[in-house]
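Below is the file query.txt, which contains compact mmCIF, C-alpha atoms.
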```txt
# COMPACT_ATOMS: atom_id res chain seq x y z
CA MET A 1318 0.77 -53.15 -36.99
CA ILE A 1319 0.38 -49.39 -36.58
CA ASN A 1320 2.76 -47.62 -34.19
CA TRP A 1321 0.27 -45.15 -32.71
CA GLU A 1322 2.92 -43.15 -30.85
CA LYS A 1323 4.87 -42.35 -34.03
CA GLU A 1324 1.63 -41.81 -35.95
CA LEU A 1325 0.49 -39.17 -33.44
CA GLU A 1326 3.89 -37.46 -33.54
CA ARG A 1327 3.64 -37.26 -37.32
CA ILE A 1328 0.18 -35.72 -37.11
CA PHE A 1329 1.20 -33.11 -34.50
CA GLU A 1330 4.25 -32.13 -36.56
CA ASP A 1331 2.06 -31.30 -39.57
CA PRO A 1332 2.60 -27.58 -40.54
CA LEU A 1333 -1.15 -27.13 -40.70
CA LEU A 1334 -1.29 -27.47 -36.91
CA ALA A 1335 1.51 -24.96 -36.23
CA ASP A 1336 -0.93 -22.11 -35.46
CA VAL A 1337 -3.15 -24.18 -33.19
CA VAL A 1338 -2.97 -22.87 -29.62
CA ALA A 1339 -4.84 -23.66 -26.42
CA PRO A 1340 -7.89 -21.44 -25.79
CA ARG A 1341 -7.27 -18.53 -23.38
CA LYS A 1342 -8.56 -19.09 -19.90
CA ARG A 1343 -11.38 -16.69 -19.08
CA THR A 1344 -10.86 -14.47 -16.06
CA THR A 1345 -13.39 -15.36 -13.36
CA SER A 1346 -14.78 -13.34 -10.47
CA SER A 1347 -12.66 -15.50 -8.19
CA ASP A 1348 -9.51 -14.53 -10.10
CA ARG A 1349 -10.43 -10.84 -9.82
CA LEU A 1350 -11.07 -11.19 -6.07
CA ILE A 1351 -7.66 -12.76 -5.43
CA ALA A 1352 -5.93 -10.24 -7.69
CA GLY A 1353 -7.55 -7.36 -5.77
CA PHE A 1354 -6.60 -8.92 -2.44
CA GLN A 1355 -3.00 -9.29 -3.65
CA GLU A 1356 -2.96 -5.56 -4.44
CA ILE A 1357 -4.07 -4.85 -0.84
CA LEU A 1358 -1.34 -7.14 0.52
CA ASP A 1359 1.28 -5.34 -1.58
CA PHE A 1360 0.01 -1.97 -0.31
CA TYR A 1361 0.08 -3.16 3.34
CA GLU A 1362 3.59 -4.57 2.99
CA LYS A 1363 4.85 -1.32 1.44
CA ASN A 1364 3.07 1.16 3.77
CA GLY A 1365 2.59 -0.81 6.98
CA ARG A 1366 -1.16 -0.08 7.02
CA LEU A 1367 -4.39 -0.76 5.17
CA PRO A 1368 -5.66 1.59 2.41
CA GLU A 1369 -7.75 4.56 3.53
CA ASP A 1370 -10.68 6.43 2.01
CA THR A 1371 -8.59 9.08 0.25
CA ILE A 1372 -8.51 10.11 -3.41
CA GLU A 1373 -5.29 8.18 -4.05
CA GLU A 1374 -6.29 5.04 -2.16
CA ARG A 1375 -10.08 4.97 -2.66
CA SER A 1376 -10.08 2.12 -5.18
CA LEU A 1377 -8.10 -0.21 -2.90
CA TYR A 1378 -10.12 0.97 0.12
CA HIS A 1379 -13.42 -0.10 -1.45
CA LYS A 1380 -11.92 -3.40 -2.58
CA TRP A 1381 -10.90 -4.06 1.04
CA LYS A 1382 -14.34 -3.11 2.41
CA GLY A 1383 -15.98 -5.31 -0.23
CA ILE A 1384 -13.95 -8.33 0.90
CA LEU A 1385 -14.83 -7.73 4.58
CA LYS A 1386 -18.58 -7.50 3.84
CA LYS A 1387 -18.86 -11.14 2.76
CA GLU A 1388 -17.70 -14.08 4.84
CA VAL A 1389 -17.35 -16.17 1.67
CA SER A 1390 -14.91 -13.60 0.23
CA ILE A 1391 -12.88 -13.61 3.46
CA GLN A 1392 -12.64 -17.39 3.42
CA HIS A 1393 -11.71 -17.40 -0.26
CA CYS A 1394 -8.83 -14.95 0.37
CA ARG A 1395 -7.64 -16.53 3.63
CA PRO A 1396 -5.20 -19.06 2.01
CA PHE A 1397 -3.42 -16.09 0.37
CA ASP A 1398 -3.27 -13.94 3.55
CA THR A 1399 0.48 -14.09 4.21
CA LEU A 1400 0.44 -10.91 6.34
CA GLY A 1401 -2.51 -11.79 8.62
CA ILE A 1402 -4.67 -8.76 7.73
CA LEU A 1403 -7.97 -10.65 7.50
CA PRO A 1404 -10.20 -11.04 10.59
CA GLN A 1405 -9.14 -14.03 12.63
CA GLU A 1406 -11.36 -17.07 12.66
CA SER A 1407 -13.25 -17.63 15.89
CA GLN A 1408 -11.96 -20.46 17.98
CA VAL A 1409 -14.14 -22.46 20.30
CA ILE A 1410 -12.47 -24.08 23.28
CA LYS A 1411 -14.10 -27.39 24.01
CA GLU A 1412 -14.13 -29.29 27.25
CA PRO A 1413 -11.59 -32.11 27.26
CA GLU A 1414 -13.07 -35.51 26.63
CA ALA A 1415 -13.25 -37.87 29.54
CA ARG A 1416 -10.65 -40.60 29.43
CA TYR A 1417 -10.52 -44.08 30.84
CA GLN A 1418 -14.29 -44.05 31.54
CA ARG A 1419 -16.08 -47.41 31.79
CA GLU A 1420 -18.96 -47.80 29.35
CA MET A 1421 -22.34 -48.08 31.11
CA THR A 1422 -24.54 -51.11 30.78
CA GLU A 1423 -28.01 -50.85 29.19
CA GLU A 1424 -29.62 -50.94 32.67
CA GLU A 1425 -27.34 -48.15 33.91
CA LYS A 1426 -28.12 -46.03 30.85
CA LEU A 1427 -31.87 -46.39 31.42
CA GLU A 1428 -31.49 -45.57 35.11
CA ALA A 1429 -29.44 -42.48 34.26
CA ILE A 1430 -32.18 -41.26 31.91
CA LEU A 1431 -34.91 -41.76 34.51
CA ASN A 1432 -32.80 -40.06 37.18
CA ASP A 1433 -31.91 -37.07 34.98
CA PRO A 1434 -32.40 -33.89 37.11
CA LEU A 1435 -34.26 -32.29 34.20
CA LEU A 1436 -37.08 -34.80 34.66
CA SER A 1437 -37.38 -34.01 38.34
CA ASP A 1438 -38.86 -30.61 37.49
CA VAL A 1439 -41.76 -31.97 35.46
CA GLN A 1440 -44.94 -30.91 37.19
CA PRO A 1441 -47.69 -33.54 37.63
CA GLY A 1442 -50.54 -33.07 35.21
CA GLU A 1443 -48.56 -30.71 32.98
CA ASP A 1444 -50.18 -31.00 29.55
CA LEU A 1445 -47.40 -30.87 26.98
CA GLY A 1446 -47.26 -32.03 23.38
CA LEU A 1447 -44.62 -34.45 22.17
CA PHE A 1448 -42.44 -31.62 20.83
CA ASP A 1449 -43.27 -28.98 23.47
CA VAL A 1450 -40.46 -27.77 25.75
CA PRO A 1451 -41.36 -26.96 29.38
CA GLU A 1452 -40.62 -23.40 30.52
CA TYR A 1453 -37.91 -24.45 33.01
CA MET A 1454 -36.09 -26.37 30.24
CA ARG A 1455 -36.43 -23.42 27.86
CA GLN A 1456 -34.74 -21.16 30.44
CA ARG A 1457 -31.88 -23.63 30.89
CA LEU A 1458 -31.41 -23.96 27.14
CA GLU A 1459 -31.28 -20.18 26.74
CA ALA A 1460 -28.70 -19.94 29.54
CA ARG A 1461 -26.59 -22.64 27.92
CA LYS A 1462 -26.90 -20.97 24.51
CA GLU A 1463 -25.58 -17.71 25.97
CA ALA A 1464 -22.71 -19.50 27.71
CA GLU A 1465 -21.68 -21.21 24.48
CA TYR A 1466 -21.92 -18.05 22.37
CA VAL A 1467 -18.54 -17.14 20.96
CA GLY A 1468 -17.69 -13.54 20.04
CA LYS A 1469 -17.04 -13.16 16.31
CA ARG A 1470 -15.26 -10.45 14.38
CA ARG A 1471 -17.19 -8.51 11.77
CA PRO A 1472 -16.72 -5.24 9.85
CA CYS A 1473 -17.02 -2.13 12.05
CA ASP A 1474 -19.62 0.16 10.45
CA ASP A 1475 -18.49 3.30 12.34
CA PHE A 1476 -14.75 2.66 12.18
CA GLU A 1477 -14.14 6.27 11.10
CA LYS A 1478 -14.86 7.30 14.72
CA TYR A 1479 -11.88 5.25 15.92
CA ALA A 1480 -9.42 5.49 13.00
CA ASP A 1481 -7.70 8.65 14.29
CA GLY A 1482 -7.18 7.03 17.69
CA PHE A 1483 -5.23 4.15 16.13
CA LYS A 1484 -3.13 6.62 14.12
CA ASP A 1485 -2.32 8.50 17.35
CA VAL A 1486 -1.23 5.27 19.06
CA HIS A 1487 1.06 4.34 16.17
CA GLN A 1488 2.56 7.83 16.16
CA GLY A 1489 2.92 7.77 19.94
CA LEU A 1490 4.72 4.44 19.87
CA LYS A 1491 7.18 5.86 17.33
CA SER A 1492 7.74 9.10 19.23
CA GLY A 1493 8.02 7.47 22.64
CA LYS A 1494 4.83 8.96 24.10
CA PHE A 1495 3.30 5.48 24.41
CA LYS A 1496 5.07 2.32 25.55
CA LEU A 1497 4.18 -1.36 25.44
CA ILE A 1498 4.30 -3.33 28.67
CA LYS A 1499 3.52 -6.95 29.43
CA PHE A 1500 -0.26 -7.25 29.66
CA SER A 1501 -1.85 -6.68 33.05
CA VAL A 1502 -5.59 -6.98 33.65
CA LYS A 1503 -5.51 -3.78 35.73
CA HIS A 1504 -4.90 -1.84 32.50
CA LEU A 1505 -7.85 -3.40 30.64
CA LYS A 1506 -10.50 -0.69 31.03
CA VAL A 1507 -12.94 1.05 28.71
CA GLY A 1508 -10.96 3.49 26.56
CA CYS A 1509 -7.70 1.55 26.71
CA TYR A 1510 -5.59 0.21 23.83
CA PHE A 1511 -3.82 -3.15 23.78
CA VAL A 1512 -1.86 -5.31 21.33
CA GLU A 1513 -3.02 -8.85 20.55
CA ASN A 1514 -0.98 -10.97 18.13
CA GLY A 1515 0.64 -7.86 16.69
CA MET A 1516 -2.67 -6.00 16.13
CA ILE A 1517 -3.83 -2.98 18.14
CA GLY A 1518 -7.28 -3.22 19.72
CA TYR A 1519 -9.46 -0.68 21.54
CA LEU A 1520 -11.91 -1.56 24.34
CA ALA A 1521 -14.91 0.62 23.49
CA VAL A 1522 -17.68 -0.96 25.62
CA PHE A 1523 -17.80 -3.32 28.60
CA GLU A 1524 -21.23 -4.56 29.73
CA ASP A 1525 -20.24 -5.59 33.24
CA GLU A 1526 -22.11 -8.72 34.39
CA GLY A 1527 -20.48 -8.72 37.81
CA ILE A 1528 -18.44 -11.52 39.36
CA ASN A 1529 -18.82 -14.98 37.84
CA ARG A 1530 -18.78 -18.27 39.74
CA HIS A 1531 -14.99 -18.38 39.56
CA GLY A 1532 -14.68 -15.04 41.30
CA ASP A 1533 -13.68 -13.14 38.14
CA ARG A 1534 -15.36 -10.12 36.60
CA ASP A 1535 -16.92 -10.86 33.20
CA GLY A 1536 -19.31 -9.50 30.59
CA ARG A 1537 -19.72 -8.78 26.89
CA THR A 1538 -17.47 -6.17 25.30
CA ARG A 1539 -17.17 -4.20 22.11
CA VAL A 1540 -13.59 -4.27 20.87
CA ILE A 1541 -12.49 -2.33 17.78
CA TYR A 1542 -9.38 -3.49 15.89
CA GLU A 1543 -7.12 -1.36 13.72
CA ASN A 1544 -7.91 -3.42 10.59
CA GLY A 1545 -11.51 -2.15 10.59
CA VAL A 1546 -13.31 -5.02 12.34
CA GLU A 1547 -14.96 -5.35 15.73
CA SER A 1548 -15.84 -8.14 18.15
CA ASP A 1549 -18.20 -8.67 21.09
CA ILE A 1550 -15.82 -11.09 22.79
CA LYS A 1551 -16.20 -11.84 26.48
CA TYR A 1552 -14.06 -9.74 28.85
CA LYS A 1553 -12.63 -12.85 30.51
CA THR A 1554 -11.69 -14.31 27.13
CA ILE A 1555 -9.77 -11.14 26.24
CA THR A 1556 -7.76 -11.36 29.45
CA LYS A 1557 -6.92 -15.03 28.77
CA ASN A 1558 -5.77 -14.30 25.22
CA LEU A 1559 -3.73 -11.24 26.16
CA SER A 1560 -2.06 -12.97 29.09
CA VAL A 1561 -0.34 -15.25 26.55
CA THR A 1562 0.57 -12.99 23.61
CA GLY A 1563 -0.64 -9.52 24.56
CA TYR A 1564 0.69 -6.16 25.63
CA SER A 1565 -0.88 -3.11 27.24
CA VAL A 1566 -0.41 0.33 25.67
CA ILE A 1567 0.34 2.94 28.34
CA ASP A 1568 1.45 6.55 28.43
CA CYS A 1569 4.74 6.60 30.30
CA SER A 1570 6.36 9.60 28.65
CA ASP A 1571 6.12 11.75 31.76
CA MET A 1572 9.01 11.83 34.20
CA THR A 1573 8.71 13.77 37.44
CA ASN A 1574 11.37 16.27 38.45
CA GLU A 1575 12.27 14.03 41.38
CA GLU A 1576 12.92 11.08 39.06
CA PHE A 1577 15.04 13.21 36.75
CA GLU A 1578 17.10 14.56 39.63
CA ARG A 1579 17.55 11.10 41.13
CA TYR A 1580 18.73 9.37 37.96
CA PHE A 1581 20.53 12.08 36.00
CA THR A 1582 22.17 14.41 38.53
CA LEU A 1583 25.76 13.53 39.42
CA THR A 1584 27.06 13.70 42.98
CA GLU A 1585 30.45 13.27 44.59
CA LYS A 1586 29.67 9.61 45.21
CA ASP A 1587 29.20 8.80 41.51
CA VAL A 1588 32.19 7.13 39.84
CA GLU A 1589 32.62 7.16 36.07
CA SER A 1590 33.20 3.64 34.80
CA GLY A 1591 33.22 4.01 31.00
CA THR A 1592 31.42 5.19 27.87
CA ILE A 1593 28.72 3.51 25.83
CA TYR A 1594 28.92 4.56 22.18
CA VAL A 1595 26.83 4.10 19.03
CA LEU A 1596 28.55 4.12 15.65
CA ARG A 1597 27.39 4.16 12.04
CA SER A 1598 29.48 2.49 9.35
CA LYS A 1599 30.74 4.56 6.41
CA SER A 1600 31.61 1.46 4.43
CA THR A 1601 31.30 1.68 0.66
CA CYS A 1602 30.62 -2.04 0.39
CA PRO A 1603 27.11 -2.39 -1.13
CA GLU A 1604 26.19 -5.25 1.21
CA ILE A 1605 26.84 -2.94 4.21
CA SER A 1606 25.85 0.50 2.92
CA ALA A 1607 22.46 -0.79 1.76
CA ILE A 1608 21.43 -1.86 5.29
CA LYS A 1609 19.17 0.67 6.94
CA ASP A 1610 19.45 1.26 10.72
CA LEU A 1611 22.75 -0.58 11.07
CA TYR A 1612 24.62 0.49 14.25
CA LYS A 1613 27.50 -0.71 16.36
CA ILE A 1614 26.91 -0.55 20.12
CA GLY A 1615 30.03 -0.85 22.25
CA PHE A 1616 31.86 0.51 25.30
CA THR A 1617 35.29 1.81 26.09
CA VAL A 1618 37.16 2.90 29.21
CA THR A 1619 39.24 5.30 27.09
CA SER A 1620 38.10 8.03 24.71
CA VAL A 1621 35.87 6.99 21.82
CA GLU A 1622 38.13 8.82 19.37
CA SER A 1623 41.19 6.75 20.33
CA ARG A 1624 39.10 3.57 20.31
CA ILE A 1625 38.02 4.00 16.68
CA ALA A 1626 41.28 5.50 15.36
CA ASN A 1627 42.22 2.31 13.47
CA ALA A 1628 38.69 1.35 12.43
CA VAL A 1629 39.67 0.74 8.79
CA LYS A 1630 42.10 -1.98 9.91
CA GLU A 1631 39.87 -3.76 12.46
CA THR A 1632 37.24 -6.37 11.59
CA THR A 1633 35.13 -5.34 14.57
CA TYR A 1634 34.53 -2.06 12.67
CA LEU A 1635 33.93 -3.91 9.39
CA CYS A 1636 37.33 -2.68 8.17
CA ALA A 1637 35.83 0.71 7.25
CA PRO A 1638 35.59 4.25 8.65
CA VAL A 1639 32.85 4.87 11.22
CA GLU A 1640 30.83 7.87 12.39
CA VAL A 1641 30.00 8.54 16.06
CA VAL A 1642 26.23 8.84 16.45
CA ALA A 1643 25.92 9.11 20.25
CA THR A 1644 27.77 8.47 23.52
CA TRP A 1645 26.71 8.00 27.14
CA LYS A 1646 28.87 8.19 30.22
CA VAL A 1647 28.19 5.29 32.57
CA TYR A 1648 28.53 5.70 36.34
CA ASN A 1649 28.56 3.25 39.24
CA VAL A 1650 28.33 0.16 37.04
CA LYS A 1651 30.73 -1.85 34.94
CA SER A 1652 30.51 -0.78 31.30
CA SER A 1653 30.92 -4.41 30.28
CA THR A 1654 27.81 -5.30 32.28
CA PHE A 1655 25.87 -2.45 30.69
CA GLU A 1656 27.04 -3.50 27.24
CA ALA A 1657 26.09 -7.13 27.89
CA LEU A 1658 22.53 -6.06 28.71
CA ILE A 1659 22.28 -4.09 25.44
CA HIS A 1660 23.68 -6.96 23.38
CA LYS A 1661 21.33 -9.47 24.96
CA LEU A 1662 18.39 -7.14 24.37
CA PHE A 1663 19.11 -6.85 20.62
CA SER A 1664 20.49 -10.34 20.01
CA SER A 1665 17.60 -11.17 17.65
CA VAL A 1666 18.64 -8.38 15.25
CA GLN A 1667 22.40 -8.90 15.37
CA LEU A 1668 24.14 -8.48 12.00
CA GLN A 1669 25.26 -11.83 10.60
CA VAL A 1670 28.36 -11.10 8.54
CA THR A 1671 31.91 -12.43 8.18
CA VAL A 1672 34.83 -10.05 7.62
CA ASP A 1673 38.28 -11.52 6.91
CA GLY A 1674 37.24 -14.75 8.60
CA HIS A 1675 35.86 -13.00 11.71
CA ARG A 1676 32.24 -12.36 12.77
CA PRO A 1677 31.78 -8.94 14.44
CA LYS A 1678 29.26 -9.23 17.28
CA GLU A 1679 28.46 -5.60 18.12
CA TRP A 1680 26.52 -4.56 15.01
CA PHE A 1681 22.71 -4.50 15.17
CA ILE A 1682 19.94 -3.65 12.72
CA VAL A 1683 17.66 -1.53 14.90
CA PRO A 1684 16.45 2.13 14.70
CA PHE A 1685 18.52 4.60 16.70
CA ASN A 1686 15.52 5.88 18.68
CA ILE A 1687 15.00 2.34 20.01
CA ILE A 1688 18.68 2.16 21.08
CA GLU A 1689 18.37 5.54 22.79
CA GLU A 1690 15.20 4.47 24.58
CA ALA A 1691 16.82 1.22 25.71
CA VAL A 1692 19.84 3.01 27.19
CA THR A 1693 17.56 5.36 29.14
CA ALA A 1694 15.42 2.47 30.39
CA ILE A 1695 18.48 0.56 31.64
CA ILE A 1696 19.74 3.68 33.42
CA LEU A 1697 16.33 3.96 35.11
CA GLY A 1698 16.55 0.31 36.14
CA LYS A 1699 13.51 -0.78 34.11
CA SER A 1700 13.15 -4.37 32.93
CA ILE A 1701 12.64 -4.46 29.17
CA GLU A 1702 12.73 -6.73 26.14
CA TYR A 1703 12.69 -6.04 22.40
CA ASN A 1704 10.07 -7.26 19.93
CA PRO A 1705 11.66 -7.11 16.44
CA GLU A 1706 8.38 -7.84 14.61
CA MET A 1707 6.67 -4.82 16.19
CA ASN A 1708 9.92 -2.83 16.40
CA GLN A 1709 9.07 -1.83 19.98
CA LEU A 1710 10.54 -2.14 23.45
CA ILE A 1711 8.32 -4.08 25.84
CA TYR A 1712 8.32 -2.95 29.46
CA LYS A 1713 7.77 -5.61 32.09
CA SER A 1714 5.47 -4.44 34.85
```
Written as structure tokens, that's how I'd like the structure from this file.
Amino acid sequence: MINWEKELERIFEDPLLADVVAPRKRTTSSDRLIAGFQEILDFYEKNGRLPEDTIEERSLYHKWKGILKKEVSIQHCRPFDTLGILPQESQVIKEPEARYQREMTEEEKLEAILNDPLLSDVQPGEDLGLFDVPEYMRQRLEARKEAEYVGKRRPCDDFEKYADGFKDVHQGLKSGKFKLIKFSVKHLKVGCYFVENGMIGYLAVFEDEGINRHGDRDGRTRVIYENGVESDIKYKTITKNLSVTGYSVIDCSDMTNEEFERYFTLTEKDVESGTIYVLRSKSTCPEISAIKDLYKIGFTVTSVESRIANAVKETTYLCAPVEVVATWKVYNVKSSTFEALIHKLFSSVQLQVTVDGHRPKEWFIVPFNIIEEAVTAIILGKSIEYNPEMNQLIYKS
């Protein structure tokens, strides 16, 4: 009896078959599409933005525009969109299904059909074909069709008109000219910017339809998004979405002279209670020195110099020399309370490290300008929170 397993092994081990290799897989248009999309993802991750129509970035720019032009290309790339740069899929909110409802009998079903309000409008003697729709029904169908229409995102053909505006907002958020606050419908006006799910949007057009039956203002809009798409979503739908995950972009860089005098001019009644300080580590340990924007935020009731004199011997300073970046004198409030607010604010970006069996709790990975802004906001008595994904302070209105 032939042992086929050994016989096949003998055949495959024949030297004549040593050069036999599997045929190369041909590159398909689908492979090229995904490869191009991966290049765009790499660019976005490195630069924090999409490619633009410049000499250096033109190839990637046209690849991106080519993907956005075809819905089938968008859907093909969506499983690989780890950064969320593709237009979001439209979601339709359906009415909840009725529960615990008794099934009607055949007689009740027939009676319901005959008593349908639509049939009450049929005019006697109206000559209609079997498939003709009366005018009153046509009007109701059109009204229902409009009510069920869902705004969809599509490529914005004149995005170049709005591109500079988005760049200004990004620059303003970095410089402090613009701030993010918890969304409020009073800020949603034509010409305003907002942030929805981490993406900046611009309300370009609002076709006001007046007050709806619920007492709310509504109408179609034209919203431009920073990734080069637009939507004609309903105004009321925008407010619902933003009320959950959205922020308003406002210009709050101006401070009146009265505010400055009130908050930053000392009087005889002011009592110094301590010093808030920000330190930068001068550690030569690669795991520490490689971390960008790593700062220690603490307080002391003595001088900062005396507080850090033995930094190289204390785990709270990572057993290394430190450099003083900034200090603030605190008046009329316990420094420990002030420090607790700062630590709670930046708890999500606290450095997780163990030094000689101890875990220092006052080191945070956050840009200095954000720390500086937070200290000023707390002095002014403003309620804030920090969004590490957007790297922005959020002001609560």
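For the choices A:Arg1530, A:Lys1699, A:Lys1609, A:His1393, the atom-to-atom distance to Tyr1712 in chain A is smallest for A:Lys1699 when using all atoms listed in the file.
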Spatial neighbours of range 1505-1511 of chain A, max dist 7 Å, only C-alpha atoms, sep filter under 4 positions, as a PyMOL selection string: chain A and resi 1517-1523+1564-1566
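CA of Gly1527 in chain A sits 16.7 Å away from CA of Arg1539 in chain A.
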Best match for closeness to Glu1702 in chain A among A:Ala1480, A:Cys1473, A:Leu1658, A:Ile1555, counting only C-alpha atoms: A:Leu1658
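Look at Ser1600 in chain A: the protein and nucleic acid residues within 7 Å of it, using only C-alpha atoms and passing over chain neighbours fewer than 2 places away, are Ser1598, Cys1602, Ile1605, Ser1606, Ala1637 and Pro1638 of chain A.
Coordinates place CA of Phe1685 in chain A at a distance of 16.4 Å from CA of Phe1616 in chain A.
Distance check against Asn1529 in chain A using all atoms listed in the file: of A:Phe1397, A:Phe1655, A:Phe1495, A:Tyr1552, the minimum falls on A:Tyr1552.
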Atom-to-atom span, CA of Asn1364 in chain A and CA of Ile1567 in chain A, Å: 24.8 Å
Contact residues around range 1705-1709 of chain A with all atoms listed in the file at 12 Å, ignoring same-chain residues under 4 positions, as number ranges by chain: A: 1365, 1400, 1487, 1489-1493, 1495-1498, 1512-1517, 1564, 1566, 1610, 1662-1667, 1681-1688, 1690-1691, 1701
Those residues with C-alpha atoms, as a PDB file, keeping the file's coordinate frame please?
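File produced: out02.pdb:
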```
ATOM      1  CA  GLY A1365       2.590  -0.810   6.980  1.00  0.00           C
ATOM      2  CA  LEU A1400       0.440 -10.910   6.340  1.00  0.00           C
ATOM      3  CA  HIS A1487       1.060   4.340  16.170  1.00  0.00           C
ATOM      4  CA  GLY A1489       2.920   7.770  19.940  1.00  0.00           C
ATOM      5  CA  LEU A1490       4.720   4.440  19.870  1.00  0.00           C
ATOM      6  CA  LYS A1491       7.180   5.860  17.330  1.00  0.00           C
ATOM      7  CA  SER A1492       7.740   9.100  19.230  1.00  0.00           C
ATOM      8  CA  GLY A1493       8.020   7.470  22.640  1.00  0.00           C
ATOM      9  CA  PHE A1495       3.300   5.480  24.410  1.00  0.00           C
ATOM     10  CA  LYS A1496       5.070   2.320  25.550  1.00  0.00           C
ATOM     11  CA  LEU A1497       4.180  -1.360  25.440  1.00  0.00           C
ATOM     12  CA  ILE A1498       4.300  -3.330  28.670  1.00  0.00           C
ATOM     13  CA  VAL A1512      -1.860  -5.310  21.330  1.00  0.00           C
ATOM     14  CA  GLU A1513      -3.020  -8.850  20.550  1.00  0.00           C
ATOM     15  CA  ASN A1514      -0.980 -10.970  18.130  1.00  0.00           C
ATOM     16  CA  GLY A1515       0.640  -7.860  16.690  1.00  0.00           C
ATOM     17  CA  MET A1516      -2.670  -6.000  16.130  1.00  0.00           C
ATOM     18  CA  ILE A1517      -3.830  -2.980  18.140  1.00  0.00           C
ATOM     19  CA  TYR A1564       0.690  -6.160  25.630  1.00  0.00           C
ATOM     20  CA  VAL A1566      -0.410   0.330  25.670  1.00  0.00           C
ATOM     21  CA  ASP A1610      19.450   1.260  10.720  1.00  0.00           C
ATOM     22  CA  LEU A1662      18.390  -7.140  24.370  1.00  0.00           C
ATOM     23  CA  PHE A1663      19.110  -6.850  20.620  1.00  0.00           C
ATOM     24  CA  SER A1664      20.490 -10.340  20.010  1.00  0.00           C
ATOM     25  CA  SER A1665      17.600 -11.170  17.650  1.00  0.00           C
ATOM     26  CA  VAL A1666      18.640  -8.380  15.250  1.00  0.00           C
ATOM     27  CA  GLN A1667      22.400  -8.900  15.370  1.00  0.00           C
ATOM     28  CA  PHE A1681      22.710  -4.500  15.170  1.00  0.00           C
ATOM     29  CA  ILE A1682      19.940  -3.650  12.720  1.00  0.00           C
ATOM     30  CA  VAL A1683      17.660  -1.530  14.900  1.00  0.00           C
ATOM     31  CA  PRO A1684      16.450   2.130  14.700  1.00  0.00           C
ATOM     32  CA  PHE A1685      18.520   4.600  16.700  1.00  0.00           C
ATOM     33  CA  ASN A1686      15.520   5.880  18.680  1.00  0.00           C
ATOM     34  CA  ILE A1687      15.000   2.340  20.010  1.00  0.00           C
ATOM     35  CA  ILE A1688      18.680   2.160  21.080  1.00  0.00           C
ATOM     36  CA  GLU A1690      15.200   4.470  24.580  1.00  0.00           C
ATOM     37  CA  ALA A1691      16.820   1.220  25.710  1.00  0.00           C
ATOM     38  CA  ILE A1701      12.640  -4.460  29.170  1.00  0.00           C
TER      39      ILE A1701
END
```
Given all atoms listed in the file as the counted atoms, nearest of A:Glu1547, A:Leu1403, A:Lys1499, A:Lys1557 to Tyr1703 in chain A: A:Lys1499
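Among A:Val1672, A:Val1642, A:Val1595, A:Ile1328, the residue with the shortest atom-to-atom distance to Ile1659 in chain A, counting only C-alpha atoms, is A:Val1595.
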Selected residue of minimal separation from Cys1394 in chain A among A:Phe1354, A:Tyr1542, A:Tyr1594, A:Phe1483, counting all atoms listed in the file: A:Phe1354
Shell around Gly1674 in chain A at 12 Å using only C-alpha atoms, local window under 6 positions removed, as a list in words: Glu1631, Thr1632, Thr1633 and Leu1635 of chain A
Box centre and edge lengths (Å, one decimal), axis-aligned, range 1494-1510 of chain A plus 5 Å each side, as AutoDock Vina command-line options:
```
--center_x -3.9 --center_y 0.9 --center_z 29.8 --size_x 28.0 --size_y 26.2 --size_z 21.9
```
